[in-house]
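K.L.:
This is protein_18.txt, which holds compact mmCIF, C-alpha atoms:
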# COMPACT_ATOMS: atom_id res chain seq x y z
CA MET A 1 0.00 0.00 0.00
CA THR A 2 1.44 3.37 -1.02
CA ALA A 3 1.25 6.68 0.79
CA GLU A 4 -0.96 8.02 -2.02
CA GLU A 5 -3.35 5.11 -1.64
CA MET A 6 -3.47 5.73 2.10
CA LYS A 7 -4.25 9.39 1.61
CA ALA A 8 -6.91 8.49 -0.93
CA ASP A 9 -8.31 6.08 1.60
CA GLY A 10 -8.42 8.90 4.12
CA ALA A 11 -6.91 7.05 7.06
CA PRO A 12 -3.92 9.34 7.77
CA LEU A 13 -5.95 12.51 7.36
CA GLU A 14 -9.38 11.58 8.67
CA GLY A 15 -10.89 9.71 11.56
CA ALA A 16 -12.46 10.25 14.94
CA ASP A 17 -10.18 11.41 17.72
CA ILE A 18 -10.46 8.66 20.35
CA THR A 19 -7.80 9.86 22.78
CA PRO A 20 -8.90 10.83 26.31
CA LYS A 21 -7.06 14.16 25.92
CA GLN A 22 -8.62 14.84 22.50
CA ASP A 23 -5.16 15.71 21.15
CA GLU A 24 -5.62 13.82 17.86
CA GLY A 25 -2.97 11.35 18.93
CA VAL A 26 -5.10 8.39 17.78
CA LEU A 27 -7.54 8.75 14.89
CA LYS A 28 -9.93 5.89 14.12
CA VAL A 29 -11.88 4.95 10.99
CA VAL A 30 -14.27 1.97 11.16
CA LYS A 31 -13.89 -0.19 8.06
CA LYS A 32 -16.41 -2.84 9.11
CA GLU A 33 -18.97 -2.59 11.89
CA GLY A 34 -18.85 -5.13 14.67
CA SER A 35 -21.73 -6.91 16.43
CA GLY A 36 -23.19 -6.70 19.92
CA THR A 37 -23.21 -3.80 22.35
CA GLU A 38 -20.19 -4.54 24.54
CA SER A 39 -16.59 -3.51 24.08
CA PRO A 40 -13.52 -4.89 25.89
CA MET A 41 -12.69 -3.54 29.35
CA ILE A 42 -9.39 -3.08 31.16
CA GLY A 43 -7.84 -6.44 31.98
CA ASP A 44 -9.82 -8.36 29.35
CA LYS A 45 -7.92 -10.86 27.24
CA VAL A 46 -8.46 -9.70 23.64
CA THR A 47 -7.66 -11.57 20.42
CA VAL A 48 -7.01 -9.69 17.16
CA HIS A 49 -5.48 -9.79 13.72
CA TYR A 50 -3.52 -6.72 12.63
CA THR A 51 -1.30 -5.20 9.96
CA GLY A 52 0.99 -2.21 10.54
CA TRP A 53 2.40 0.31 8.05
CA LEU A 54 4.67 3.34 8.10
CA LEU A 55 3.31 6.52 6.53
CA ASP A 56 5.17 5.79 3.28
CA GLY A 57 3.22 2.56 2.88
CA THR A 58 5.96 0.22 4.11
CA LYS A 59 4.41 -2.76 5.90
CA PHE A 60 6.47 -3.60 8.99
CA ASP A 61 4.38 -6.32 10.68
CA SER A 62 1.28 -8.45 10.12
CA SER A 63 -0.28 -11.27 12.11
CA LEU A 64 -2.24 -12.16 8.96
CA ASP A 65 0.99 -12.95 7.13
CA ARG A 66 1.97 -15.26 10.01
CA ARG A 67 -1.55 -16.74 10.14
CA ASP A 68 -1.38 -16.38 13.91
CA LYS A 69 -3.84 -14.26 15.87
CA PHE A 70 -2.40 -12.01 18.57
CA SER A 71 -3.72 -11.90 22.17
CA PHE A 72 -2.95 -9.47 24.99
CA ASP A 73 -4.41 -8.11 28.23
CA LEU A 74 -6.07 -4.78 27.51
CA GLY A 75 -4.98 -1.71 29.48
CA LYS A 76 -2.02 -3.44 31.14
CA GLY A 77 0.73 -1.72 29.11
CA GLU A 78 1.51 -4.87 27.11
CA VAL A 79 1.09 -3.00 23.81
CA ILE A 80 1.52 0.60 22.62
CA LYS A 81 -0.87 3.20 24.08
CA ALA A 82 -2.75 3.58 20.79
CA TRP A 83 -3.75 -0.08 20.87
CA ASP A 84 -5.00 0.03 24.46
CA ILE A 85 -7.10 3.09 23.54
CA ALA A 86 -8.40 1.84 20.19
CA VAL A 87 -9.25 -1.77 21.01
CA ALA A 88 -11.25 -0.61 24.04
CA THR A 89 -13.63 1.14 21.57
CA MET A 90 -14.16 -1.90 19.32
CA LYS A 91 -16.83 -4.59 19.14
CA VAL A 92 -16.43 -8.23 18.13
CA GLY A 93 -16.10 -8.53 14.35
CA GLU A 94 -15.16 -4.90 13.88
CA ILE A 95 -12.31 -3.90 11.57
CA CYS A 96 -10.85 -0.44 12.02
CA ARG A 97 -7.88 1.56 10.85
CA ILE A 98 -6.05 3.77 13.33
CA THR A 99 -3.43 6.42 12.80
CA CYS A 100 -1.27 7.01 15.84
CA LYS A 101 1.24 9.75 16.54
CA PRO A 102 4.70 8.81 17.89
CA GLU A 103 3.82 9.59 21.52
CA TYR A 104 1.06 6.94 21.31
CA ALA A 105 3.32 4.46 19.49
CA TYR A 106 7.09 3.97 19.88
CA GLY A 107 8.03 7.61 20.55
CA SER A 108 11.42 9.12 19.94
CA ALA A 109 13.20 5.78 20.31
CA GLY A 110 11.25 3.96 17.61
CA SER A 111 11.60 0.19 17.39
CA PRO A 112 14.68 -0.54 15.27
CA PRO A 113 15.24 -1.77 12.69
CA LYS A 114 11.73 -1.60 11.23
CA ILE A 115 10.26 1.47 12.96
CA PRO A 116 12.32 4.69 12.89
CA PRO A 117 12.29 7.32 15.67
CA ASN A 118 9.26 9.65 15.89
CA ALA A 119 7.24 7.54 13.44
CA THR A 120 3.52 7.99 12.90
CA LEU A 121 2.04 4.53 12.38
CA ILE A 122 -1.05 3.09 10.74
CA PHE A 123 -2.69 -0.15 11.88
CA GLU A 124 -5.64 -2.12 10.62
CA ILE A 125 -7.09 -4.20 13.45
CA GLU A 126 -9.84 -6.84 13.53
CA LEU A 127 -11.26 -7.88 16.90
CA PHE A 128 -12.23 -11.55 17.20
CA GLU A 129 -13.04 -12.01 20.88
CA PHE A 130 -12.50 -10.75 24.39
CA LYS A 131 -13.01 -12.29 27.80
CA GLY A 132 -12.65 -11.16 31.40
CA GLU A 133 -9.72 -11.79 33.71
CA ASP A 134 -9.78 -15.04 35.70
CA LEU A 135 -8.95 -14.24 39.35
CA THR A 136 -8.99 -17.80 40.71
CA ASP A 137 -5.82 -19.55 41.85
CA ASP A 138 -6.61 -22.60 39.73
CA GLU A 139 -7.81 -20.57 36.72
CA ASP A 140 -11.07 -22.49 36.74
CA GLY A 141 -13.19 -19.55 35.57
CA GLY A 142 -14.93 -19.27 38.93
CA ILE A 143 -14.28 -15.53 39.39
CA ILE A 144 -14.15 -13.35 36.28
CA ARG A 145 -13.37 -9.65 36.54
CA ARG A 146 -14.09 -6.89 34.05
CA ILE A 147 -12.76 -3.47 35.04
CA ARG A 148 -15.04 -0.53 34.21
CA LYS A 149 -12.74 2.07 35.75
CA LYS A 150 -9.10 1.54 36.63
CA GLY A 151 -8.12 2.22 40.23
CA GLU A 152 -5.37 4.32 41.75
CA GLY A 153 -1.88 3.08 42.63
CA TYR A 154 -0.79 -0.51 42.96
CA SER A 155 -1.69 -1.38 46.56
CA LYS A 156 -4.52 -3.86 47.18
CA PRO A 157 -6.42 -5.00 50.29
CA ASN A 158 -5.00 -8.02 52.13
CA GLU A 159 -6.58 -10.53 54.50
CA GLY A 160 -7.84 -8.57 57.50
CA ALA A 161 -7.90 -5.21 55.69
CA LEU A 162 -10.69 -2.77 56.53
CA VAL A 163 -12.47 -1.96 53.25
CA GLU A 164 -15.27 0.41 52.27
CA ILE A 165 -17.25 -0.67 49.22
CA GLN A 166 -20.31 0.30 47.26
CA PHE A 167 -21.86 -2.67 45.48
CA GLU A 168 -24.82 -4.19 43.71
CA GLY A 169 -25.49 -7.92 43.46
CA ARG A 170 -27.52 -9.42 40.61
CA TYR A 171 -29.00 -12.82 39.95
CA GLY A 172 -30.12 -12.86 36.33
CA ASP A 173 -31.87 -9.54 35.74
CA ARG A 174 -32.82 -9.10 39.40
CA VAL A 175 -30.90 -6.90 41.85
CA PHE A 176 -30.91 -8.81 45.14
CA ASP A 177 -28.45 -6.74 47.21
CA ARG A 178 -27.44 -3.10 46.99
CA ARG A 179 -25.43 -1.48 49.80
CA GLU A 180 -22.54 0.64 50.96
CA LEU A 181 -20.56 -1.36 53.47
CA GLN A 182 -17.46 -1.17 55.63
CA PHE A 183 -16.07 -4.50 56.83
CA GLU A 184 -12.89 -6.46 57.44
CA ILE A 185 -11.72 -8.91 54.76
CA GLY A 186 -12.31 -12.35 56.22
CA GLU A 187 -15.53 -11.26 57.94
CA GLY A 188 -17.69 -11.06 54.80
CA ASP A 189 -19.78 -14.06 55.78
CA ASN A 190 -21.15 -12.02 58.67
CA TYR A 191 -22.45 -9.50 56.13
CA ASP A 192 -23.96 -12.04 53.69
CA LEU A 193 -21.15 -11.67 51.18
CA PRO A 194 -19.98 -14.77 49.26
CA HIS A 195 -16.35 -15.77 49.82
CA GLY A 196 -15.61 -15.37 46.09
CA LEU A 197 -16.48 -11.68 46.30
CA GLU A 198 -14.05 -11.19 49.20
CA LYS A 199 -11.35 -12.90 47.15
CA ALA A 200 -12.14 -10.60 44.23
CA ILE A 201 -11.99 -7.44 46.37
CA GLN A 202 -8.43 -8.37 47.36
CA LYS A 203 -7.47 -7.92 43.70
CA MET A 204 -8.86 -4.37 43.47
CA GLU A 205 -7.14 -0.99 43.66
CA LYS A 206 -8.52 2.07 45.42
CA SER A 207 -11.39 3.73 43.46
CA GLU A 208 -11.54 0.80 41.01
CA GLU A 209 -14.96 -0.05 39.63
CA SER A 210 -15.38 -3.61 38.40
CA VAL A 211 -17.93 -6.24 37.49
CA PHE A 212 -17.38 -9.73 38.91
CA TYR A 213 -19.02 -12.91 37.63
CA LEU A 214 -19.08 -15.70 40.24
CA LYS A 215 -19.68 -19.38 39.56
CA PRO A 216 -21.77 -21.20 42.20
CA ASN A 217 -18.82 -22.59 44.19
CA TYR A 218 -17.53 -19.03 44.64
CA GLY A 219 -20.98 -17.64 45.35
CA PHE A 220 -23.61 -19.11 47.64
CA GLY A 221 -22.91 -22.67 46.50
CA SER A 222 -25.31 -25.59 46.64
CA ALA A 223 -27.15 -24.07 49.61
CA GLY A 224 -28.17 -20.85 47.87
CA LYS A 225 -29.22 -17.88 50.00
CA GLU A 226 -32.79 -17.86 51.23
CA LYS A 227 -32.49 -14.29 52.52
CA PHE A 228 -31.95 -13.04 48.96
CA GLN A 229 -34.09 -15.73 47.29
CA ILE A 230 -31.02 -17.13 45.58
CA PRO A 231 -31.54 -20.79 44.57
CA PRO A 232 -28.87 -23.48 44.86
CA ASP A 233 -26.00 -23.47 42.32
CA ALA A 234 -26.71 -19.93 41.14
CA GLU A 235 -24.29 -17.83 39.10
CA LEU A 236 -24.01 -14.28 40.44
CA GLN A 237 -22.87 -10.89 39.21
CA TYR A 238 -21.56 -8.09 41.42
CA GLU A 239 -20.71 -4.53 40.45
CA VAL A 240 -18.28 -3.14 43.04
CA LYS A 241 -16.55 0.15 43.70
CA LEU A 242 -13.71 0.02 46.22
CA LYS A 243 -14.02 3.44 47.83
CA SER A 244 -11.15 3.05 50.30
CA PHE A 245 -9.24 0.52 52.36
CA GLU A 246 -6.76 0.25 55.19
CA LYS A 247 -4.41 -2.72 54.88
CA ALA A 248 -3.93 -5.08 57.81
CA LYS A 249 -0.36 -5.23 59.02
CA GLU A 250 1.73 -7.95 57.41
CA SER A 251 3.81 -10.26 59.61
CA TRP A 252 7.05 -8.40 58.86
CA GLU A 253 5.44 -5.11 59.88
CA MET A 254 4.59 -6.31 63.41
CA ASN A 255 6.86 -6.67 66.41
CA THR A 256 6.60 -9.65 68.76
CA ASP A 257 4.13 -8.00 71.15
CA GLU A 258 1.81 -7.13 68.26
CA LYS A 259 1.98 -10.66 66.87
CA LEU A 260 1.14 -12.18 70.24
CA GLU A 261 -1.69 -9.71 70.79
CA GLN A 262 -3.18 -10.23 67.32
CA SER A 263 -2.82 -14.00 67.67
CA CYS A 264 -4.99 -13.94 70.79
CA ILE A 265 -7.61 -11.87 68.96
CA VAL A 266 -7.82 -14.11 65.90
CA LYS A 267 -7.83 -17.23 68.07
CA GLU A 268 -11.03 -16.02 69.74
CA ARG A 269 -12.48 -15.08 66.37
CA GLY A 270 -11.65 -18.52 65.00
CA THR A 271 -13.30 -20.18 67.98
CA GLN A 272 -16.47 -18.18 67.36
CA TYR A 273 -16.49 -19.21 63.70
CA PHE A 274 -15.98 -22.85 64.72
CA LYS A 275 -18.94 -22.72 67.11
CA GLU A 276 -21.06 -21.37 64.25
CA GLY A 277 -19.99 -24.25 62.01
CA LYS A 278 -17.94 -21.97 59.72
CA TYR A 279 -14.93 -24.26 59.64
CA LYS A 280 -13.18 -22.73 56.64
CA ARG A 281 -13.44 -19.26 58.16
CA ALA A 282 -12.14 -20.60 61.45
CA ALA A 283 -9.20 -22.29 59.74
CA LEU A 284 -8.19 -18.99 58.09
CA GLN A 285 -7.91 -17.37 61.52
CA TYR A 286 -5.82 -20.19 63.01
CA LYS A 287 -3.50 -20.17 59.99
CA LYS A 288 -2.67 -16.53 60.74
CA ILE A 289 -1.30 -17.54 64.13
CA VAL A 290 0.97 -20.15 62.56
CA SER A 291 2.24 -17.73 59.92
CA TRP A 292 2.95 -15.01 62.52
CA LEU A 293 4.64 -17.14 65.18
CA GLU A 294 6.09 -20.26 63.52
CA HIS A 295 9.47 -18.69 62.74
CA GLU A 296 9.58 -15.99 65.41
CA SER A 297 12.97 -15.91 67.13
CA GLY A 298 14.79 -14.00 69.86
CA LEU A 299 11.91 -14.32 72.33
CA SER A 300 12.14 -14.05 76.09
CA ASP A 301 11.18 -17.14 78.09
CA GLU A 302 7.75 -15.68 78.83
CA GLU A 303 7.14 -14.73 75.18
CA ASP A 304 8.37 -18.12 73.98
CA MET A 305 5.99 -19.92 76.31
CA LYS A 306 3.04 -17.80 75.17
CA ALA A 307 3.94 -18.21 71.48
CA LYS A 308 4.30 -21.97 71.87
CA SER A 309 0.91 -22.18 73.59
CA LEU A 310 -0.76 -20.18 70.80
CA ARG A 311 0.88 -22.26 68.07
CA LEU A 312 -0.13 -25.49 69.79
CA ALA A 313 -3.74 -24.32 70.05
CA ALA A 314 -3.70 -23.17 66.42
CA HIS A 315 -2.49 -26.55 65.11
CA LEU A 316 -4.94 -28.48 67.29
CA ASN A 317 -7.84 -26.28 66.16
CA LEU A 318 -6.75 -26.49 62.53
CA ALA A 319 -6.72 -30.28 62.83
CA MET A 320 -10.27 -30.19 64.17
CA CYS A 321 -11.43 -27.87 61.37
CA HIS A 322 -9.95 -30.17 58.73
CA LEU A 323 -11.56 -33.21 60.35
CA LYS A 324 -14.94 -31.47 60.19
CA LEU A 325 -14.29 -30.67 56.53
CA LYS A 326 -13.18 -34.30 55.87
CA GLU A 327 -9.74 -33.03 54.80
CA TYR A 328 -7.71 -35.77 56.45
CA SER A 329 -4.24 -35.12 55.04
CA PRO A 330 -3.98 -31.54 56.43
CA ALA A 331 -5.62 -32.79 59.64
CA LEU A 332 -2.78 -35.31 60.08
CA GLU A 333 -0.20 -32.67 59.22
CA ASN A 334 -1.47 -30.31 61.90
CA CYS A 335 -1.72 -33.09 64.49
CA ASN A 336 1.93 -33.94 63.82
CA LYS A 337 2.88 -30.26 64.14
CA ALA A 338 1.05 -30.08 67.47
CA LEU A 339 2.75 -33.25 68.71
CA GLU A 340 6.14 -31.80 67.79
CA LEU A 341 5.37 -29.07 70.32
CA ASP A 342 3.89 -31.46 72.90
CA SER A 343 4.49 -35.16 72.16
CA ASN A 344 1.95 -36.37 74.75
CA ASN A 345 -0.81 -33.88 73.97
CA GLU A 346 -4.16 -35.57 74.55
CA LYS A 347 -6.07 -33.72 71.80
CA GLY A 348 -3.24 -34.10 69.32
CA LEU A 349 -3.04 -37.87 69.79
CA PHE A 350 -6.82 -38.33 69.78
CA ARG A 351 -7.39 -36.22 66.65
CA ARG A 352 -4.55 -37.91 64.83
CA GLY A 353 -6.17 -41.23 65.72
CA GLU A 354 -9.45 -39.98 64.26
CA ALA A 355 -7.70 -38.93 61.05
CA HIS A 356 -5.96 -42.32 60.73
CA LEU A 357 -9.27 -44.09 61.37
CA ALA A 358 -11.00 -42.01 58.68
CA VAL A 359 -8.50 -43.16 56.03
CA ASN A 360 -8.58 -46.82 57.19
CA ASP A 361 -5.13 -46.83 58.79
CA PHE A 362 -6.55 -48.93 61.63
CA ASP A 363 -3.25 -50.05 63.17
CA LEU A 364 -1.94 -46.46 63.37
CA ALA A 365 -5.26 -45.26 64.77
CA ARG A 366 -5.23 -48.02 67.40
CA GLY A 367 -1.71 -46.99 68.44
CA ASP A 368 -2.81 -43.37 68.97
CA PHE A 369 -5.91 -44.29 70.96
CA GLN A 370 -3.95 -46.77 73.09
CA LYS A 371 -1.45 -44.04 73.93
CA VAL A 372 -4.26 -41.65 74.88
CA ILE A 373 -5.71 -44.25 77.26
CA GLN A 374 -2.28 -45.01 78.69
CA LEU A 375 -1.60 -41.33 79.41
CA TYR A 376 -5.18 -40.27 80.17
CA PRO A 377 -7.09 -43.29 81.56
CA SER A 378 -10.30 -41.29 82.07
CA ASN A 379 -10.68 -40.49 78.35
CA LYS A 380 -13.86 -42.41 77.53
CA ALA A 381 -13.98 -41.27 73.90
CA ALA A 382 -10.58 -42.84 73.25
CA LYS A 383 -11.80 -46.14 74.73
CA VAL A 384 -14.82 -46.10 72.43
CA GLN A 385 -12.64 -45.38 69.41
CA LEU A 386 -10.18 -48.11 70.41
CA VAL A 387 -13.04 -50.63 70.42
CA THR A 388 -14.03 -49.35 66.96
CA CYS A 389 -10.45 -49.82 65.73
CA GLN A 390 -10.25 -53.36 67.06
CA GLN A 391 -13.57 -54.20 65.44
CA LYS A 392 -12.38 -52.75 62.11
CA ILE A 393 -9.14 -54.73 62.32
CA ARG A 394 -11.07 -57.95 63.00
CA GLU A 395 -13.38 -57.25 60.06
CA GLN A 396 -10.34 -56.58 57.90
CA HIS A 397 -8.74 -59.90 58.93
CA GLU A 398 -11.98 -61.80 58.29
CA LYS A 399 -12.26 -60.24 54.86
CA GLU A 400 -8.65 -61.18 54.06
CA LYS A 401 -9.18 -64.75 55.27
CA LYS A 402 -12.14 -65.15 52.93
CA MET A 403 -10.20 -63.71 50.01
CA TYR A 404 -7.21 -65.99 50.72
CA ALA A 405 -9.46 -69.04 51.19
CA ASN A 406 -11.08 -68.44 47.80
CA MET A 407 -7.70 -67.92 46.22
CA PHE A 408 -6.22 -71.10 47.77
CA GLN A 409 -9.24 -73.08 46.58
CA ARG A 410 -8.65 -71.87 43.02
CA LEU A 411 -4.96 -72.71 43.34
CA ALA A 412 -5.75 -76.16 44.72
CA ASP A 413 -8.07 -76.85 41.80
CA LYS A 414 -5.34 -75.79 39.39
CA ASP A 415 -2.79 -77.94 41.26
CA LEU A 416 -5.07 -80.96 40.95
CA LYS A 417 -5.57 -80.36 37.24
CA VAL A 418 -1.81 -80.08 36.63
CA SER A 419 -1.13 -83.20 38.69
CA ASN A 420 -3.72 -85.26 36.85
CA THR A 421 -2.50 -84.31 33.39
CA ALA A 422 1.28 -84.50 34.00
CA PRO A 423 3.29 -87.71 33.51
CA GLU A 424 3.66 -89.75 36.71
CA ASP A 425 7.35 -88.90 37.15
CA ASP A 426 6.67 -85.14 36.79
CA LYS A 427 3.67 -84.84 39.17
CA TRP A 428 5.68 -84.18 42.31
CA TRP A 429 7.89 -81.55 40.58
CA CYS A 430 4.83 -79.78 39.09
CA ARG A 431 3.30 -79.44 42.56
CA VAL A 432 6.53 -77.92 43.96
CA LEU A 433 6.81 -75.38 41.15
CA ASP A 434 3.14 -74.46 41.37
CA LYS A 435 3.29 -73.93 45.12
CA GLU A 436 6.31 -71.67 44.82
CA TYR A 437 4.43 -69.70 42.19
CA TYR A 438 1.28 -69.63 44.36
CA PHE A 439 3.28 -68.37 47.33
CA SER A 440 4.86 -65.53 45.32
CA GLN A 441 1.43 -64.54 44.01
CA LEU A 442 0.07 -64.57 47.55
CA LEU A 443 2.76 -62.11 48.66
CA LEU A 444 1.94 -59.81 45.73
CA PHE A 445 -1.76 -60.07 46.49
CA ARG A 446 -1.20 -59.22 50.15
CA SER A 447 0.89 -56.18 49.20
CA ALA A 448 -1.77 -54.94 46.79
CA THR A 449 -4.47 -55.41 49.44
CA LEU A 450 -2.56 -53.25 51.93
CA LYS A 451 -2.10 -50.52 49.32
CA MET A 452 -5.81 -50.49 48.53
CA GLN A 453 -6.65 -50.19 52.22
CA LYS A 454 -4.45 -47.12 52.51
Show me this structure written as structure tokens.

P.N.:
Amino acid sequence: MTAEEMKADGAPLEGADITPKQDEGVLKVVKKEGSGTESPMIGDKVTVHYTGWLLDGTKFDSSLDRRDKFSFDLGKGEVIKAWDIAVATMKVGEICRITCKPEYAYGSAGSPPKIPPNATLIFEIELFEFKGEDLTDDEDGGIIRRIRKKGEGYSKPNEGALVEIQFEGRYGDRVFDRRELQFEIGEGDNYDLPHGLEKAIQKMEKSEESVFYLKPNYGFGSAGKEKFQIPPDAELQYEVKLKSFEKAKESWEMNTDEKLEQSCIVKERGTQYFKEGKYKRAALQYKKIVSWLEHESGLSDEEDMKAKSLRLAAHLNLAMCHLKLKEYSPALENCNKALELDSNNEKGLFRRGEAHLAVNDFDLARGDFQKVIQLYPSNKAAKVQLVTCQQKIREQHEKEKKMYANMFQRLADKDLKVSNTAPEDDKWWCRVLDKEYYFSQLLLFRSATLKMQK
């Protein structure tokens, strides 16, 4: 394409000024109208085809020539300013041509060797799709954010931060919750906020305005929310403005006295959550204690004793929370951590026994309950659980005996068949070989059985 053809086409000389400053830094001409009513928002993943020219008609880049669409996160500085501005005005299927001045492209430096300094550039862009930003740790699409208005700065609320928000919750076309609210991150359940929304708010900047789309497991889940007439397994939408926030102190920002004081506070909060059956919320509080005190050093004897007591309680309570949630591996881990602090702790031994019993490690469970009874003879619950273990072990042995009896019967039948068909001189040797084979198979079978039980 020549410069004359470009001028005839009107792109370098005409077009709507789409810059926020209205300084004619980016001029846009729509070559083909798109469909729908929505345009990409900040943070959306957009997919385009493009071709770029210098003003003299020299083509310097084209995704079409490579037959490879280009994707980027809008408004994150991953592309030149002109692109972030222009693509935010497009609709799916639209093709536009933009002319961008150097300050909206590669500036005085250019992009050698293809783009000289202070170059005005022309791009033709086609938008294929855009989708919101996935905020979940596992990228499972459970929390999608679309930013209507970018926030200020780079700081974001952390766990325990005091936040002030203005929000509106929607289920389908119905607004079910509209409020201004000040609360502490981690306490949202007390204010009828889904945990996914709290997680989303921790990704926001001050004054940011965003729309969040929550899948059921990040919303009100399979229970729904009767108060808001939200049925089970409902997908929700929240529009949120983060008006202000005050971050909670991080571990490195607190001295020992503050850590001990805050640990006592969150321990009580966790206990309250546990009593209310909010085991995940309770676990979050106990985990704070571990993170604050686990590696604290240089303590006085009094401080060390208090820190050890708080850590022990945190691990014991975490174990109980995980047992309630049927999360047996972390339950065992926290029991072991507690027993490292106090090897004869009654609750630590008992809860570890419960975790072993839950995963069918009957011998290990029996050992823990026996030790509890040995150290604490009045513990009736341990005696009950010990009886349960012994019963389970007997049932396991009976089951194995039946399996082995059936197997030996099959082997005996095979042995008889071999003996009857072999020559007279070979019968004895066939039986010896078969029995050695049977014995090796029995050992393999026993090993496999134990693995399955675990």

K.L.:
CA of Tyr50 (chain A) and CA of Phe128 (chain A), how far apart in Å?

P.N.:
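Between these atoms lies a distance of 11.0 Å.
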
K.L.:
Let me make sure I understand: among A:Glu152, A:Asp134, A:Glu24, A:Glu33, which one has the smallest atom-to-atom distance to Lys45 (chain A) if we use all atoms listed in the file?

P.N.:
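So, comparing all the options, the nearest one is A:Asp134.
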
K.L.:
What's the separation between CA of Thr256 (chain A) and CA of Leu284 (chain A), in Å to one decimal place?

P.N.:
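Between these atoms lies a distance of 20.5 Å.
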
K.L.:
When you draw a straight line from CA of Lys225 (chain A) to CA of Glu268 (chain A), how long is it in Å?

P.N.:
26.9 Å

K.L.:
Using 10 Å as the limit and counting only C-alpha atoms, can you tabulate each residue of region 156-181 of chain A that touches region 206-209 of chain A, with its shortest atom-to-atom distance in Å and the two atoms involved, as CSV?

P.N.:
residue,atom,partner,partner_atom,distance
A:Lys156,CA,A:Lys206,CA,7.4
A:Pro157,CA,A:Lys206,CA,8.8
A:Val163,CA,A:Lys206,CA,9.7
A:Glu164,CA,A:Lys206,CA,9.8
A:Ile165,CA,A:Ser207,CA,9.3
A:Gln166,CA,A:Glu209,CA,9.3
A:Phe167,CA,A:Glu209,CA,9.4

K.L.:
Find the residues near Val26 (chain A): any atom within 6 Å, counting all atoms listed in the file, skip ones fewer than 4 places away on the same chain, and give them as a PDB file with C-alpha atoms, keeping the file's coordinate frame.

P.N.:
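Output file out.pdb is given in full below:
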ATOM      1  CA  ASP A  17     -10.180  11.410  17.720  1.00  0.00           C
ATOM      2  CA  ILE A  18     -10.460   8.660  20.350  1.00  0.00           C
ATOM      3  CA  THR A  19      -7.800   9.860  22.780  1.00  0.00           C
ATOM      4  CA  THR A  99      -3.430   6.420  12.800  1.00  0.00           C
ATOM      5  CA  CYS A 100      -1.270   7.010  15.840  1.00  0.00           C
TER       6      CYS A 100
END

K.L.:
N, CA, C and O atoms are what I want for region 369-378 of chain A; can you complete it accordingly and write them as a PDB file, in the frame of the given file?

P.N.:
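New file part33.pdb:
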ATOM      1  N   PHE A 369      -4.894 -44.193  69.913  1.00  0.00           N
ATOM      2  CA  PHE A 369      -5.910 -44.290  70.960  1.00  0.00           C
ATOM      3  C   PHE A 369      -5.383 -45.045  72.188  1.00  0.00           C
ATOM      4  O   PHE A 369      -5.720 -44.696  73.325  1.00  0.00           O
ATOM      5  N   GLN A 370      -4.551 -46.050  71.961  1.00  0.00           N
ATOM      6  CA  GLN A 370      -3.950 -46.770  73.090  1.00  0.00           C
ATOM      7  C   GLN A 370      -3.054 -45.838  73.919  1.00  0.00           C
ATOM      8  O   GLN A 370      -3.052 -45.895  75.151  1.00  0.00           O
ATOM      9  N   LYS A 371      -2.327 -44.971  73.219  1.00  0.00           N
ATOM     10  CA  LYS A 371      -1.450 -44.040  73.930  1.00  0.00           C
ATOM     11  C   LYS A 371      -2.263 -43.026  74.722  1.00  0.00           C
ATOM     12  O   LYS A 371      -1.896 -42.650  75.846  1.00  0.00           O
ATOM     13  N   VAL A 372      -3.381 -42.580  74.152  1.00  0.00           N
ATOM     14  CA  VAL A 372      -4.260 -41.650  74.880  1.00  0.00           C
ATOM     15  C   VAL A 372      -4.742 -42.301  76.172  1.00  0.00           C
ATOM     16  O   VAL A 372      -4.697 -41.690  77.254  1.00  0.00           O
ATOM     17  N   ILE A 373      -5.192 -43.548  76.083  1.00  0.00           N
ATOM     18  CA  ILE A 373      -5.710 -44.250  77.260  1.00  0.00           C
ATOM     19  C   ILE A 373      -4.612 -44.481  78.287  1.00  0.00           C
ATOM     20  O   ILE A 373      -4.832 -44.377  79.506  1.00  0.00           O
ATOM     21  N   GLN A 374      -3.419 -44.786  77.786  1.00  0.00           N
ATOM     22  CA  GLN A 374      -2.280 -45.010  78.690  1.00  0.00           C
ATOM     23  C   GLN A 374      -1.948 -43.738  79.470  1.00  0.00           C
ATOM     24  O   GLN A 374      -1.691 -43.790  80.687  1.00  0.00           O
ATOM     25  N   LEU A 375      -1.962 -42.594  78.775  1.00  0.00           N
ATOM     26  CA  LEU A 375      -1.600 -41.330  79.410  1.00  0.00           C
ATOM     27  C   LEU A 375      -2.773 -40.687  80.152  1.00  0.00           C
ATOM     28  O   LEU A 375      -2.584 -40.004  81.161  1.00  0.00           O
ATOM     29  N   TYR A 376      -3.984 -40.913  79.609  1.00  0.00           N
ATOM     30  CA  TYR A 376      -5.180 -40.270  80.170  1.00  0.00           C
ATOM     31  C   TYR A 376      -6.272 -41.332  80.336  1.00  0.00           C
ATOM     32  O   TYR A 376      -7.201 -41.430  79.510  1.00  0.00           O
ATOM     33  N   PRO A 377      -6.188 -42.146  81.388  1.00  0.00           N
ATOM     34  CA  PRO A 377      -7.090 -43.290  81.560  1.00  0.00           C
ATOM     35  C   PRO A 377      -8.574 -42.917  81.622  1.00  0.00           C
ATOM     36  O   PRO A 377      -9.432 -43.768  81.352  1.00  0.00           O
ATOM     37  N   SER A 378      -8.891 -41.676  81.939  1.00  0.00           N
ATOM     38  CA  SER A 378     -10.300 -41.290  82.070  1.00  0.00           C
ATOM     39  C   SER A 378     -10.917 -40.867  80.729  1.00  0.00           C
ATOM     40  O   SER A 378     -12.101 -40.489  80.692  1.00  0.00           O
TER      41      SER A 378
END
